[in-house]
Structures are given as structure tokens and as C-alpha cells.
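See below for data32.cif, which holds mmCIF, C-alpha atoms.
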data_start
#
loop_
_atom_site.label_atom_id
_atom_site.label_comp_id
_atom_site.auth_asym_id
_atom_site.auth_seq_id
_atom_site.Cartn_x
_atom_site.Cartn_y
_atom_site.Cartn_z
CA MET R 1 6.29 -7.12 21.17
CA LYS R 2 7.59 -3.72 22.27
CA ASN R 3 9.46 -3.48 18.97
CA THR R 4 6.25 -4.11 17.05
CA TRP R 5 4.45 -1.34 18.85
CA VAL R 6 7.26 1.14 18.25
CA LEU R 7 7.22 0.25 14.56
CA VAL R 8 3.45 0.70 14.27
CA LEU R 9 3.71 4.14 15.90
CA ARG R 10 6.55 4.96 13.56
CA TYR R 11 4.51 3.99 10.47
CA PHE R 12 1.71 6.22 11.70
CA SER R 13 3.91 9.21 12.27
CA GLN R 14 5.52 8.62 8.87
CA GLU R 15 2.08 8.64 7.29
CA VAL R 16 1.03 11.81 9.10
CA ARG R 17 4.23 13.53 8.10
CA ASN R 18 3.64 12.57 4.48
CA SER R 19 0.19 14.06 4.64
CA ASN R 20 0.09 14.75 0.92
CA VAL R 21 -0.14 10.99 0.30
CA LEU R 22 -2.96 10.67 2.80
CA PHE R 23 -4.68 13.59 1.16
CA SER R 24 -4.33 12.15 -2.34
CA LEU R 25 -5.83 8.85 -1.20
CA GLY R 26 -8.82 10.68 0.27
CA LEU R 27 -9.17 12.69 -2.90
CA TYR R 28 -9.05 9.49 -4.95
CA LEU R 29 -11.92 8.01 -2.92
CA VAL R 30 -14.10 11.10 -3.20
CA GLY R 31 -13.21 11.56 -6.86
CA VAL R 32 -14.04 8.01 -7.88
CA ALA R 33 -17.27 7.95 -5.88
CA TYR R 34 -18.33 11.16 -7.53
CA LEU R 35 -17.28 9.90 -10.96
CA ILE R 36 -19.54 6.89 -10.52
CA TYR R 37 -22.32 9.22 -9.40
CA LEU R 38 -21.90 11.40 -12.49
CA LEU R 39 -21.65 8.55 -14.98
CA ASN R 40 -24.64 6.87 -13.41
CA GLY R 41 -26.69 10.00 -14.03
CA GLY R 42 -27.36 10.51 -10.34
CA SER R 43 -29.57 7.44 -10.07
CA VAL R 44 -29.21 4.77 -7.40
CA PRO R 45 -27.56 1.56 -8.68
CA ALA R 46 -29.03 -1.85 -7.91
CA ASP R 47 -27.81 -3.50 -4.70
CA LYS R 48 -25.49 -5.92 -6.45
CA VAL R 49 -23.94 -3.17 -8.53
CA TRP R 50 -23.61 -0.97 -5.44
CA ASN R 51 -21.67 -3.72 -3.70
CA THR R 52 -19.48 -4.43 -6.74
CA LEU R 53 -18.59 -0.76 -7.18
CA LEU R 54 -17.83 -0.42 -3.48
CA TRP R 55 -15.32 -3.26 -3.63
CA ILE R 56 -13.72 -2.05 -6.83
CA VAL R 57 -13.11 1.36 -5.28
CA VAL R 58 -11.71 -0.23 -2.10
CA PHE R 59 -9.62 -2.64 -4.16
CA PHE R 60 -7.83 0.09 -6.12
CA GLY R 61 -7.40 2.23 -3.02
CA ALA R 62 -5.81 -0.70 -1.22
CA ILE R 63 -3.51 -1.46 -4.18
CA GLN R 64 -2.43 2.15 -4.27
CA LEU R 65 -1.70 2.05 -0.55
CA SER R 66 0.22 -1.20 -0.70
CA SER R 67 2.39 -0.07 -3.60
CA ARG R 68 4.01 2.33 -1.14
CA SER R 69 3.95 -0.08 1.76
CA PHE R 70 7.66 -0.83 1.77
CA GLU R 71 8.76 2.45 0.27
CA PHE R 72 10.78 3.45 3.31
CA GLU R 73 12.57 0.13 3.53
CA SER R 74 14.08 0.39 0.07
CA ASN R 75 17.75 0.59 -0.82
CA ASP R 76 20.11 1.41 2.05
CA TYR R 77 17.32 1.93 4.55
CA PHE R 78 16.55 -1.75 4.16
CA TYR R 79 19.77 -2.73 5.96
CA TYR R 80 19.11 -0.15 8.65
CA TYR R 81 15.64 -1.49 9.39
CA GLN R 82 16.95 -5.03 9.21
CA THR R 83 19.37 -4.32 12.05
CA ILE R 84 16.94 -2.51 14.33
CA ALA R 85 13.94 -4.85 13.98
CA GLY R 86 13.62 -8.56 13.27
CA PRO R 87 11.37 -9.88 10.50
CA GLY R 88 8.74 -11.08 12.99
CA ALA R 89 8.22 -7.65 14.52
CA THR R 90 8.28 -5.98 11.11
CA ILE R 91 5.64 -8.15 9.51
CA ILE R 92 3.30 -7.94 12.50
CA ALA R 93 3.66 -4.17 12.60
CA LYS R 94 3.06 -3.89 8.85
CA LEU R 95 0.02 -6.15 9.07
CA LEU R 96 -1.49 -4.17 11.93
CA PHE R 97 -0.84 -0.86 10.24
CA ASN R 98 -2.09 -1.90 6.81
CA SER R 99 -5.17 -3.61 8.26
CA ALA R 100 -6.09 -0.47 10.13
CA TYR R 101 -5.48 1.57 7.00
CA ILE R 102 -7.62 -0.59 4.72
CA VAL R 103 -10.39 -0.79 7.32
CA VAL R 104 -10.44 3.01 7.31
CA ILE R 105 -10.45 3.11 3.49
CA SER R 106 -13.34 0.67 3.23
CA SER R 107 -15.43 2.37 5.93
CA LEU R 108 -14.80 5.75 4.30
CA THR R 109 -15.93 4.34 0.96
CA TRP R 110 -19.04 2.92 2.61
CA GLY R 111 -19.74 6.38 4.05
CA LEU R 112 -19.19 8.10 0.70
CA PHE R 113 -21.42 5.60 -1.08
CA SER R 114 -24.12 6.19 1.55
CA VAL R 115 -23.96 9.90 0.79
CA PHE R 116 -24.09 9.57 -2.99
CA PHE R 117 -26.15 6.44 -3.55
CA GLY R 118 -27.93 5.85 -0.24
CA ASN R 119 -27.26 2.97 2.11
CA PRO R 120 -29.02 -0.24 1.06
CA VAL R 121 -27.54 -2.24 3.96
CA TYR R 122 -30.20 -3.85 6.14
CA ASN R 123 -28.02 -5.71 8.63
CA THR R 124 -25.36 -3.17 9.55
CA THR R 125 -23.55 -5.43 12.05
CA LEU R 126 -23.03 -8.17 9.50
CA PHE R 127 -21.94 -5.72 6.81
CA GLY R 128 -19.47 -4.08 9.18
CA LEU R 129 -18.04 -7.43 10.28
CA ALA R 130 -17.65 -8.59 6.69
CA LEU R 131 -15.99 -5.30 5.76
CA LEU R 132 -13.60 -5.65 8.70
CA LEU R 133 -12.65 -9.27 7.99
CA GLY R 134 -12.38 -8.64 4.26
CA SER R 135 -10.12 -5.64 4.81
CA VAL R 136 -7.86 -7.61 7.13
CA GLY R 137 -7.60 -10.42 4.55
CA CYS R 138 -6.77 -7.94 1.80
CA SER R 139 -4.12 -6.31 3.94
CA VAL R 140 -2.42 -9.65 4.62
CA VAL R 141 -2.20 -10.48 0.92
CA LEU R 142 -1.16 -6.96 -0.07
CA THR R 143 1.48 -6.70 2.64
CA LEU R 144 3.15 -9.93 1.57
CA THR R 145 2.98 -9.20 -2.15
CA SER R 146 4.25 -5.64 -1.75
CA GLY R 147 7.08 -7.06 0.34
CA ILE R 148 7.86 -9.40 -2.55
CA ALA R 149 7.64 -6.57 -5.10
CA GLN R 150 9.93 -4.43 -2.97
CA ARG R 151 12.57 -7.18 -2.92
CA THR R 152 12.58 -7.26 -6.72
CA GLN R 153 13.86 -3.67 -6.64
CA GLY R 154 11.12 -1.21 -7.22
CA ASN R 155 8.85 -2.80 -9.76
CA ALA R 156 5.63 -1.07 -8.72
CA THR R 157 3.23 -2.78 -11.10
CA LEU R 158 4.50 -6.20 -10.10
CA GLY R 159 2.90 -5.85 -6.67
CA ALA R 160 -0.52 -5.34 -8.21
CA ILE R 161 -0.07 -8.26 -10.61
CA LEU R 162 0.95 -10.59 -7.80
CA ALA R 163 -1.82 -9.46 -5.46
CA LEU R 164 -4.73 -9.44 -7.88
CA PRO R 165 -5.35 -13.20 -8.27
CA LEU R 166 -4.68 -13.85 -4.58
CA LEU R 167 -7.22 -11.22 -3.53
CA LEU R 168 -10.07 -12.69 -5.54
CA PRO R 169 -10.97 -15.51 -3.11
CA ILE R 170 -11.14 -13.07 -0.21
CA LEU R 171 -13.09 -10.45 -2.12
CA GLN R 172 -15.53 -13.02 -3.42
CA LEU R 173 -16.24 -14.42 0.03
CA THR R 174 -16.56 -10.92 1.47
CA SER R 175 -18.92 -9.70 -1.18
CA VAL R 176 -21.16 -12.76 -0.74
CA LEU R 177 -21.40 -11.79 2.95
CA ASN R 178 -22.02 -8.15 2.08
CA LEU R 179 -24.85 -9.07 -0.26
CA GLN R 180 -26.37 -11.18 2.52
CA ALA R 181 -26.14 -8.17 4.83
CA ILE R 182 -27.85 -6.02 2.20
CA VAL R 183 -30.80 -8.42 1.87
CA GLY R 184 -30.94 -8.63 5.63
CA VAL R 185 -29.85 -12.13 6.59
CA PRO R 186 -29.61 -12.26 10.43
CA THR R 187 -26.02 -12.27 11.68
CA ASN R 188 -26.28 -15.66 13.41
CA GLU R 189 -27.30 -17.32 10.13
CA ALA R 190 -24.19 -16.03 8.39
CA LEU R 191 -21.85 -17.26 11.12
CA ASN R 192 -20.71 -20.14 8.93
CA LEU R 193 -19.43 -17.83 6.20
CA LEU R 194 -18.11 -15.27 8.69
CA GLY R 195 -16.22 -18.06 10.42
CA SER R 196 -14.65 -19.26 7.18
CA LEU R 197 -13.59 -15.74 6.25
CA GLY R 198 -12.12 -15.26 9.73
CA ALA R 199 -10.32 -18.60 9.53
CA LEU R 200 -8.97 -17.68 6.12
CA ASP R 201 -7.65 -14.39 7.52
CA VAL R 202 -5.95 -16.11 10.44
CA GLY R 203 -4.54 -18.82 8.19
CA ILE R 204 -2.98 -16.51 5.62
CA GLY R 205 -1.83 -14.18 8.40
CA LEU R 206 0.10 -17.04 9.99
CA LEU R 207 1.47 -18.07 6.62
CA ALA R 208 2.64 -14.52 5.92
CA TYR R 209 4.30 -14.43 9.35
CA LEU R 210 6.11 -17.70 8.65
CA LEU R 211 7.19 -16.78 5.12
CA PHE R 212 8.24 -13.18 5.67
CA PRO R 213 11.64 -13.96 7.29
CA TYR R 214 12.71 -15.54 3.98
CA LEU R 215 12.00 -12.27 2.18
CA TRP R 216 13.58 -10.15 4.88
CA GLN R 217 17.15 -11.19 4.19
CA ASP R 218 19.66 -10.57 1.47
CA MET I 1 17.41 -44.79 -18.94
CA LYS I 2 16.62 -43.90 -15.37
CA GLY I 3 13.15 -44.66 -14.05
CA LEU I 4 12.21 -46.62 -17.16
CA PRO I 5 9.44 -48.65 -15.43
CA TYR I 6 7.43 -45.62 -14.36
CA LYS I 7 7.74 -43.95 -17.74
CA ILE I 8 6.54 -47.05 -19.59
CA ALA I 9 3.78 -47.54 -17.04
CA GLY I 10 2.65 -43.94 -17.52
CA LEU I 11 2.57 -44.26 -21.30
CA LEU I 12 0.69 -47.55 -21.18
CA LEU I 13 -1.88 -46.17 -18.74
CA ILE I 14 -2.52 -43.14 -20.95
CA LEU I 15 -2.75 -45.31 -24.04
CA PHE I 16 -5.20 -47.55 -22.21
CA SER I 17 -7.38 -44.65 -21.06
CA LEU I 18 -7.36 -42.96 -24.45
CA THR I 19 -8.40 -46.05 -26.35
CA TYR I 20 -10.49 -48.02 -23.89
CA GLY I 21 -12.16 -44.76 -22.80
CA LEU I 22 -13.74 -44.59 -26.25
CA TRP I 23 -15.34 -48.02 -26.28
CA ALA I 24 -15.98 -48.68 -22.60
CA GLU I 25 -19.61 -49.13 -21.50
CA VAL I 26 -20.85 -45.87 -19.95
CA PRO I 27 -24.06 -45.14 -18.04
CA GLU I 28 -26.79 -43.49 -20.10
CA LEU I 29 -27.60 -40.13 -18.56
CA PRO I 30 -29.85 -37.33 -19.74
CA ILE I 31 -28.09 -34.22 -21.10
CA ILE I 32 -24.61 -35.62 -20.48
CA GLU I 33 -25.05 -38.78 -22.57
CA GLN I 34 -21.90 -39.88 -24.41
CA SER I 35 -20.04 -36.74 -23.33
CA ILE I 36 -19.63 -38.48 -19.97
CA ARG I 37 -16.49 -39.92 -21.51
CA ASN I 38 -14.93 -36.52 -21.01
CA LEU I 39 -14.51 -37.61 -17.39
CA PHE I 40 -11.47 -39.59 -18.54
CA TYR I 41 -9.89 -36.76 -20.49
CA HIS I 42 -11.00 -33.59 -18.74
CA VAL I 43 -11.20 -34.42 -15.04
CA SER I 44 -7.91 -36.33 -15.14
CA MET I 45 -6.23 -33.10 -16.31
CA TRP I 46 -7.28 -31.36 -13.09
CA PHE I 47 -6.07 -34.21 -10.92
CA ALA I 48 -2.74 -34.14 -12.73
CA MET I 49 -2.57 -30.34 -12.41
CA VAL I 50 -3.15 -30.39 -8.66
CA ALA I 51 -0.53 -33.15 -8.33
CA MET I 52 2.02 -31.08 -10.29
CA MET I 53 1.27 -27.92 -8.32
CA ALA I 54 1.52 -29.86 -5.05
CA GLY I 55 4.90 -31.17 -6.17
CA SER I 56 5.99 -27.63 -6.97
CA PHE I 57 4.74 -26.45 -3.57
CA GLY I 58 6.57 -29.24 -1.76
CA ASN I 59 9.78 -28.41 -3.57
CA ALA I 60 9.35 -24.72 -2.72
CA ILE I 61 9.08 -25.59 0.98
CA ARG I 62 12.12 -27.81 0.77
CA PHE I 63 14.04 -25.08 -1.00
CA LEU I 64 13.36 -22.63 1.82
CA SER I 65 14.56 -25.13 4.40
CA SER I 66 17.64 -26.34 2.51
CA GLU I 67 18.59 -23.46 0.13
CA ASN I 68 19.38 -26.15 -2.41
CA MET I 69 19.02 -24.89 -5.98
CA ILE I 70 17.99 -28.35 -7.22
CA ARG I 71 14.71 -27.85 -5.37
CA ASP I 72 14.11 -24.56 -7.09
CA ARG I 73 14.59 -26.04 -10.55
CA ARG I 74 12.24 -28.89 -9.71
CA SER I 75 9.70 -26.46 -8.35
CA ILE I 76 9.53 -24.32 -11.49
CA SER I 77 9.57 -27.34 -13.84
CA LEU I 78 6.61 -28.91 -12.03
CA ALA I 79 4.72 -25.60 -11.98
CA GLU I 80 5.16 -25.29 -15.76
CA MET I 81 3.80 -28.79 -16.22
CA GLY I 82 0.87 -27.97 -13.96
CA MET I 83 0.15 -24.91 -16.06
CA PHE I 84 0.16 -27.07 -19.17
CA PHE I 85 -2.36 -29.47 -17.63
CA SER I 86 -4.58 -26.60 -16.57
CA VAL I 87 -4.65 -25.22 -20.12
CA MET I 88 -5.52 -28.68 -21.44
CA GLY I 89 -8.18 -29.10 -18.76
CA LEU I 90 -9.66 -25.74 -19.63
CA LEU I 91 -9.80 -26.48 -23.35
CA THR I 92 -11.38 -29.93 -22.92
CA GLY I 93 -13.80 -28.46 -20.41
CA MET I 94 -14.84 -25.59 -22.66
CA LEU I 95 -15.46 -27.93 -25.54
CA TRP I 96 -17.59 -30.11 -23.31
CA ALA I 97 -19.47 -27.15 -21.86
CA LYS I 98 -20.37 -25.88 -25.33
CA PHE I 99 -22.15 -29.14 -26.10
CA THR I 100 -23.64 -29.77 -22.67
CA TRP I 101 -24.48 -26.34 -21.29
CA GLY I 102 -24.55 -24.49 -24.58
CA ALA I 103 -21.89 -21.94 -23.72
CA TRP I 104 -18.11 -21.85 -23.76
CA TRP I 105 -17.97 -20.13 -20.40
CA THR I 106 -20.42 -19.93 -17.50
CA ASN I 107 -20.33 -18.30 -14.10
CA ASP I 108 -19.55 -21.44 -12.18
CA PRO I 109 -17.36 -21.65 -9.04
CA LYS I 110 -15.16 -24.30 -10.61
CA LEU I 111 -14.56 -22.23 -13.72
CA ASN I 112 -13.73 -19.19 -11.61
CA GLY I 113 -11.35 -21.34 -9.61
CA THR I 114 -9.59 -22.42 -12.78
CA ALA I 115 -9.30 -18.89 -14.10
CA ILE I 116 -7.81 -17.71 -10.83
CA THR I 117 -5.41 -20.64 -10.60
CA MET I 118 -4.10 -19.80 -14.04
CA LEU I 119 -3.76 -16.12 -13.16
CA ILE I 120 -1.89 -16.99 -9.95
CA TYR I 121 0.63 -19.18 -11.71
CA LEU I 122 1.05 -16.74 -14.60
CA ALA I 123 1.86 -14.10 -11.97
CA TYR I 124 4.37 -16.59 -10.53
CA PHE I 125 6.10 -16.88 -13.91
CA VAL I 126 6.12 -13.09 -14.30
CA LEU I 127 7.69 -12.78 -10.85
CA ARG I 128 10.41 -15.27 -11.75
CA ASN I 129 11.22 -13.43 -14.94
CA SER I 130 11.59 -10.10 -13.19
CA ILE I 131 14.46 -11.15 -10.87
CA ASN I 132 17.93 -11.74 -12.23
CA ASP I 133 19.90 -13.06 -9.29
CA PRO I 134 19.20 -16.85 -9.24
CA ARG I 135 19.34 -17.32 -5.46
CA LYS I 136 17.16 -14.36 -4.75
CA ARG I 137 14.76 -15.42 -7.48
CA ALA I 138 14.55 -18.89 -6.00
CA ARG I 139 13.86 -17.62 -2.48
CA ILE I 140 11.30 -14.97 -3.39
CA SER I 141 9.43 -17.13 -5.87
CA ALA I 142 9.35 -19.99 -3.35
CA VAL I 143 7.64 -17.66 -0.89
CA TYR I 144 5.07 -16.68 -3.50
CA ASN I 145 4.61 -20.27 -4.62
CA ILE I 146 3.76 -21.44 -1.09
CA PHE I 147 1.33 -18.61 -0.49
CA ALA I 148 -0.24 -19.05 -3.93
CA PHE I 149 -0.74 -22.78 -3.56
CA VAL I 150 -2.57 -22.35 -0.25
CA MET I 151 -4.83 -19.69 -1.81
CA MET I 152 -5.48 -21.92 -4.80
CA ILE I 153 -6.52 -24.83 -2.57
CA VAL I 154 -8.87 -22.51 -0.69
CA PHE I 155 -10.36 -21.32 -3.93
CA ILE I 156 -10.75 -24.59 -5.82
CA GLY I 157 -11.17 -26.93 -2.88
CA ILE I 158 -13.15 -25.06 -0.25
CA LEU I 159 -15.16 -22.20 -1.75
CA PRO I 160 -16.93 -24.24 -4.48
CA ARG I 161 -18.29 -26.57 -1.82
CA MET I 162 -20.08 -23.65 -0.21
CA THR I 163 -22.01 -22.67 -3.33
CA ASP I 164 -24.00 -24.41 -6.03
CA SER I 165 -22.31 -25.50 -9.19
CA LEU I 166 -23.50 -26.50 -12.63
CA HIS I 167 -20.92 -29.24 -12.66
CA PRO I 168 -22.06 -32.84 -12.61
CA GLY I 169 -21.93 -34.11 -9.05
CA ASN I 170 -22.69 -30.71 -7.48
CA GLY I 171 -25.94 -28.98 -6.69
CA GLY I 172 -29.13 -29.96 -8.45
CA ASN I 173 -27.60 -31.62 -11.49
CA PRO I 174 -27.92 -35.07 -12.97
CA GLY I 175 -24.71 -35.75 -11.13
CA PHE I 176 -21.99 -38.26 -11.04
CA ASN I 177 -22.66 -38.98 -7.39
CA SER I 178 -24.55 -42.17 -8.12
CA TYR I 179 -22.47 -42.91 -11.18
CA ASP I 180 -19.18 -42.05 -9.62
CA LEU I 181 -19.48 -45.44 -8.05
CA ASP I 182 -19.88 -46.95 -11.48
CA ASN I 183 -16.93 -49.31 -11.65
CA GLY I 184 -16.75 -49.12 -15.41
CA LEU I 185 -15.97 -45.41 -15.23
CA ARG I 186 -13.50 -45.88 -12.43
CA LEU I 187 -11.68 -48.56 -14.34
CA VAL I 188 -10.72 -45.98 -16.96
CA PHE I 189 -10.63 -42.81 -14.85
CA TYR I 190 -8.11 -43.83 -12.20
CA PRO I 191 -5.57 -45.23 -14.68
CA ALA I 192 -5.92 -42.02 -16.71
CA VAL I 193 -5.15 -39.88 -13.64
CA LEU I 194 -2.18 -42.02 -12.68
CA GLY I 195 -0.88 -42.14 -16.24
CA TRP I 196 -1.01 -38.38 -16.71
CA ILE I 197 0.68 -37.78 -13.36
CA LEU I 198 3.50 -40.16 -14.28
CA VAL I 199 4.00 -38.68 -17.73
CA GLY I 200 3.74 -35.17 -16.30
CA THR I 201 6.49 -35.99 -13.84
CA TRP I 202 8.55 -37.36 -16.68
CA ILE I 203 8.22 -34.20 -18.78
CA ALA I 204 8.92 -32.04 -15.71
CA ALA I 205 12.05 -34.12 -15.08
CA LEU I 206 13.18 -33.43 -18.64
CA ARG I 207 12.57 -29.70 -18.18
CA TYR I 208 14.51 -29.90 -14.92
CA ARG I 209 17.47 -31.53 -16.65
CA ILE I 210 17.47 -28.92 -19.41
CA ARG I 211 17.54 -26.22 -16.71
CA THR I 212 20.40 -27.92 -14.93
CA LEU I 213 22.39 -28.12 -18.15
CA GLU I 214 21.76 -24.47 -18.89
CA GLU I 215 23.31 -23.35 -15.62
#
How does this structure look as C-alpha cells?
Amino acid sequence: MKNTWVLVLRYFSQEVRNSNVLFSLGLYLVGVAYLIYLLNGGSVPADKVWNTLLWIVVFFGAIQLSSRSFEFESNDYFYYYQTIAGPGATIIAKLLFNSAYIVVISSLTWGLFSVFFGNPVYNTTLFGLALLLGSVGCSVVLTLTSGIAQRTQGNATLGAILALPLLLPILQLTSVLNLQAIVGVPTNEALNLLGSLGALDVGIGLLAYLLFPYLWQD
Amino acid sequence: MKGLPYKIAGLLLILFSLTYGLWAEVPELPIIEQSIRNLFYHVSMWFAMVAMMAGSFGNAIRFLSSENMIRDRRSISLAEMGMFFSVMGLLTGMLWAKFTWGAWWTNDPKLNGTAITMLIYLAYFVLRNSINDPRKRARISAVYNIFAFVMMIVFIGILPRMTDSLHPGNGGNPGFNSYDLDNGLRLVFYPAVLGWILVGTWIAALRYRIRTLEE
């Protein structure tokens, strides 16, 4: 457990040190949000379109993030990390770090969209919860697939190809919840869907934890 | 020839379902009418596909626990067969949809599930092709296979139940629910499923043997 925590802190400091990457991701979010604003002629899109655009922006941001997820464990560094931390600690640390990262990306996008297109969300609690659970689910899938892509020796597009179909169930469930939050369904009536999304997150998280040791060896 | 009984049984069952499926008595339903016979040809493809994918998944798990390359070859052969059944199921389904719903493709949870299943397994084949070392390929693709199968089951087995579907038997459709129990349909449908699974296993076994010879 201590190992995991050290690793998470290490990923954070790595990210801060590589601040140009962080900066480019932020620029990407602002740029795309503004692009949509421009192309849309400054008008406010319908709620469904708003939600779709939000998830597309988050989706590409998350893919971009995950393509670098195992960058520092490539080549010779891989053996170094393998000796200092077991696969269990590594995957948990990666999952925590990536989840936090994608949660930040999606909340930032929500904020940007509120600035440019207004905030149509009626039930903020439900929307926030769905965003949180959806981001965690995405991070689980992306962490595992980028781990797989990294083991195939630096095929960056492969990670996106592998992740795309696996992300669709999560994104679909999340966006159904988001749309409910936009129309203003009370949170306790959406508990059924929230529960299934949460269960899905936990399930795939466990699966990733069980499968990762098989990737983390040579 | 090894396993001759099951191969002959599979062929006979398919022959039976293909021929008897055309002249069996079927319930008269509005909209669906005679196209209800597609139950024998279309739905059995999906059952066979899930069986093949499950076989591939099981072999992937057993590969990870035993590191035995035989398991890997079985896993990929069964996945290929499953992919074949899903293409067949899609084609028969689209043909049926054109005449029943009036469109080749509709926004229906089951159709989305199919599209995603096919994408997942195509990604699996891409992954396999991008790794050269056989052992590493086997291990990494087994990991993806297991994860992918679980996601596929979530998508085709759980999510569609939470939403309405145009498909007969779901939502507000003249469904199969009451006709599912029709013994005449079952008499053809179950043999068709069993027959396709047996023949699918046979073809997968042939693919497996070709792979073994190649190595």
C-alpha cells in the first residue's frame, strides 16, 4: 500500500515536471471548445448535442492522456520499475492517477462548456456523479489498453484502437445518466443506473487488477 | 476421423433446420409474418457466436494459468469462428430488418451491441497481428480477450435489458414472448443452435490444426 502511494506521488511530480504536456492538454480542451463555439456560430446547441460534444471532447482528451500513460516505463526503465514495484502496486497507482486525471479533464470540459454554451444541467449532483463514475470507468479501460499497447513496443495508435470499442458501453451508460441529469430526473430515481455504472467500474477495475500481472512480465 | 459422431450430428442438425425450417408450421403474426422463420437462421447465429467467443475466452483464461500454446491456438481459432458467425448474423439480420422495419440499420441496442462486438474482436485481431513474438502475443492477446469478452457480455447481455428495443420479444413489439413458447418454433430453433455450434467447433478445430502444422 505504501508502494502504491509513493508511485502515485511520483506520477504527479513527473506530470508537474513535464508541465508542457499538461499545458498542451489544457490548450487542447480550450481550443476544441472554442472551435465548436466558432463552427456553431455562437449559438447554444440542443441539450443532446451539448452532451454528445462534451463526451467527444473528453474522450479524445482521455485518449491523448492514456497514450502517454506508460511512457516512462518503456524500454530499459521497464525492468527498473519492475524491480522496485510489483504489478499490483503499479496498476492501482496508475488507476488512481489516471482516474484523478480524467475526472479533472471532464470537469474542466464541463466548466468550459458552461462558459461557451451555458450550463443546461438541472440536477448538478446527478451529473457530477455520472461524470465521476464515467471518468473512472474510462480510466480503467484506458489504463489497461495503454498497458497492452506499451507492451507491443510503442505502437501509439494501437492503444486508441483497442480502447475505443471497450469504452463505448461505459460512455453510453454515462451519457444516458447525463441526459437524465439535464432533464432533471431526481437523483434517487436514477440510483438504478448509477448503481450499474458503479458496479461496472468496480468489476472492470478488479478485472484489470487481476489481469495486469500477466502484462507486467517479460 | 476423430470426433466423427459430433460432426455428423452437427451436419444433420443444420440440414434439418435449413430444410424443415422452410416448411414447418409457424404462428401467424402481424408485421413479422413469414419472416418469423428467420428465427432459425438469424438468432441461431448469435447463439453460436456467443458460444464460440465463450470458448475463446475460456481458452484465454486457461492459457494464462498454464502458459500452454495449444490454448492460445484454440483461443484464436474459436474467436475467428465467432467473428464469422457474427458477420452471418449481421447479414441475415439486416436483410430481415429491411423487410420488417424498412431499414437496413436502426438505432437499436442489439444492433449497437453487435457493432461493438465486431469492433472489439477486430481490434483483437489487429493486436495479434502487431506482435511478433508468439509467447508474448499469446499472453497479451489473452489479457485483451478476457477483458473484451466481459465488456461484450455487459454490452449485449445487460445494457439492452435496461432500454427498449425494436426487436421482437422486447419493449412494445408484437413479440416472441408468447410465441417463444411455441413448440413448433422450438423444435427447429434449438437443433439449429446446436448444429451451428457443433459445426463451428469443427471448423475451429480445423483452423487450430492448420495453425499447429504451420508452427
Which residues, named as in the file, does the PyMOL selection byres ((chain R) within 12 of (chain I)) pick out? Answer as a ChimeraX atom specification. /R:137,140-142,144-174,176,192-193,196-197,199-201,203-218
From (5.6, 6.8, 5.9), in the file's coordinates, out to 9 Å: which residues are reached, counting only C-alpha atoms? Answer as number ranges by chain. R: 10-18, 68-72
For C-alpha atoms, I'd like the residues from the last selection saved as a CSV table (one decimal), in the coordinates of the input.
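Final output, part.csv:
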chain,number,residue,atom,x,y,z
R,10,ARG,CA,6.6,5.0,13.6
R,11,TYR,CA,4.5,4.0,10.5
R,12,PHE,CA,1.7,6.2,11.7
R,13,SER,CA,3.9,9.2,12.3
R,14,GLN,CA,5.5,8.6,8.9
R,15,GLU,CA,2.1,8.6,7.3
R,16,VAL,CA,1.0,11.8,9.1
R,17,ARG,CA,4.2,13.5,8.1
R,18,ASN,CA,3.6,12.6,4.5
R,68,ARG,CA,4.0,2.3,-1.1
R,69,SER,CA,4.0,-0.1,1.8
R,70,PHE,CA,7.7,-0.8,1.8
R,71,GLU,CA,8.8,2.4,0.3
R,72,PHE,CA,10.8,3.4,3.3
For the file shown, report as a PyMOL selection string the outcome of the PyMOL selection byres ((chain R and resi 29) around 12) at residue level. chain R and resi 22-28+30-36+53-62+64+104-113
Expand the PyMOL selection byres ((chain I and resi 79) around 12) into the explicit residue set it covers here, and present it as a VMD selection string. chain I and resid 48 to 60 72 to 78 80 to 86 117 to 118 120 to 125 128 141 to 142 145 to 146 148 to 149 200 to 201 203 to 205 207 to 208
Would you compute the distance between CA of Trp196 in chain I and CA of Ile36 in chain I? Give it in Å to one decimal.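 Interatomic distance, CA of Trp196 in chain I to CA of Ile36 in chain I: 18.9 Å.
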One-decimal distance in Å that lies between CA of Ala100 in chain R and CA of Ala46 in chain R: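 Atom-to-atom, CA of Ala46 in chain R to CA of Ala100 in chain R, that is 29.2 Å.
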Neighbouring residues of Phe99 in chain I were defined as those with any atom within 9 Å, considering only C-alpha atoms; residues of the same chain fewer than 4 positions away were excluded. Please report them as JSON, numbers by chain. {"I": [32, 35, 94, 95, 103, 104]}
Selecting N, CA, C and O atoms, how would range 98-108 of chain R from this structure be written as an mmCIF file, in the first residue's frame?
data_model
loop_
_atom_site.group_PDB
_atom_site.id
_atom_site.type_symbol
_atom_site.label_atom_id
_atom_site.label_comp_id
_atom_site.auth_asym_id
_atom_site.auth_seq_id
_atom_site.Cartn_x
_atom_site.Cartn_y
_atom_site.Cartn_z
ATOM 1 N N ASN R 98 -4.692 7.992 -13.126
ATOM 2 C CA ASN R 98 -5.444 8.270 -14.349
ATOM 3 C C ASN R 98 -6.881 8.669 -14.055
ATOM 4 O O ASN R 98 -7.435 9.534 -14.736
ATOM 5 N N SER R 99 -7.501 8.026 -13.040
ATOM 6 C CA SER R 99 -8.876 8.399 -12.698
ATOM 7 C C SER R 99 -8.925 9.858 -12.299
ATOM 8 O O SER R 99 -9.772 10.615 -12.781
ATOM 9 N N ALA R 100 -8.002 10.251 -11.423
ATOM 10 C CA ALA R 100 -7.985 11.639 -10.973
ATOM 11 C C ALA R 100 -7.806 12.564 -12.171
ATOM 12 O O ALA R 100 -8.499 13.579 -12.304
ATOM 13 N N TYR R 101 -6.922 12.169 -13.072
ATOM 14 C CA TYR R 101 -6.617 12.988 -14.235
ATOM 15 C C TYR R 101 -7.850 13.165 -15.121
ATOM 16 O O TYR R 101 -8.204 14.273 -15.535
ATOM 17 N N ILE R 102 -8.528 12.041 -15.405
ATOM 18 C CA ILE R 102 -9.674 12.128 -16.314
ATOM 19 C C ILE R 102 -10.844 12.844 -15.648
ATOM 20 O O ILE R 102 -11.585 13.575 -16.311
ATOM 21 N N VAL R 103 -10.983 12.679 -14.325
ATOM 22 C CA VAL R 103 -12.021 13.436 -13.617
ATOM 23 C C VAL R 103 -11.763 14.930 -13.782
ATOM 24 O O VAL R 103 -12.671 15.714 -14.075
ATOM 25 N N VAL R 104 -10.489 15.327 -13.668
ATOM 26 C CA VAL R 104 -10.147 16.741 -13.848
ATOM 27 C C VAL R 104 -10.456 17.184 -15.272
ATOM 28 O O VAL R 104 -11.072 18.228 -15.496
ATOM 29 N N ILE R 105 -10.062 16.350 -16.254
ATOM 30 C CA ILE R 105 -10.330 16.713 -17.655
ATOM 31 C C ILE R 105 -11.824 16.912 -17.884
ATOM 32 O O ILE R 105 -12.254 17.908 -18.468
ATOM 33 N N SER R 106 -12.635 15.952 -17.381
ATOM 34 C CA SER R 106 -14.063 16.053 -17.681
ATOM 35 C C SER R 106 -14.707 17.221 -16.941
ATOM 36 O O SER R 106 -15.577 17.893 -17.490
ATOM 37 N N SER R 107 -14.260 17.507 -15.708
ATOM 38 C CA SER R 107 -14.858 18.657 -15.016
ATOM 39 C C SER R 107 -14.441 19.967 -15.684
ATOM 40 O O SER R 107 -15.248 20.891 -15.787
ATOM 41 N N LEU R 108 -13.183 20.012 -16.139
ATOM 42 C CA LEU R 108 -12.715 21.210 -16.853
ATOM 43 C C LEU R 108 -13.550 21.446 -18.104
ATOM 44 O O LEU R 108 -13.954 22.572 -18.397
#
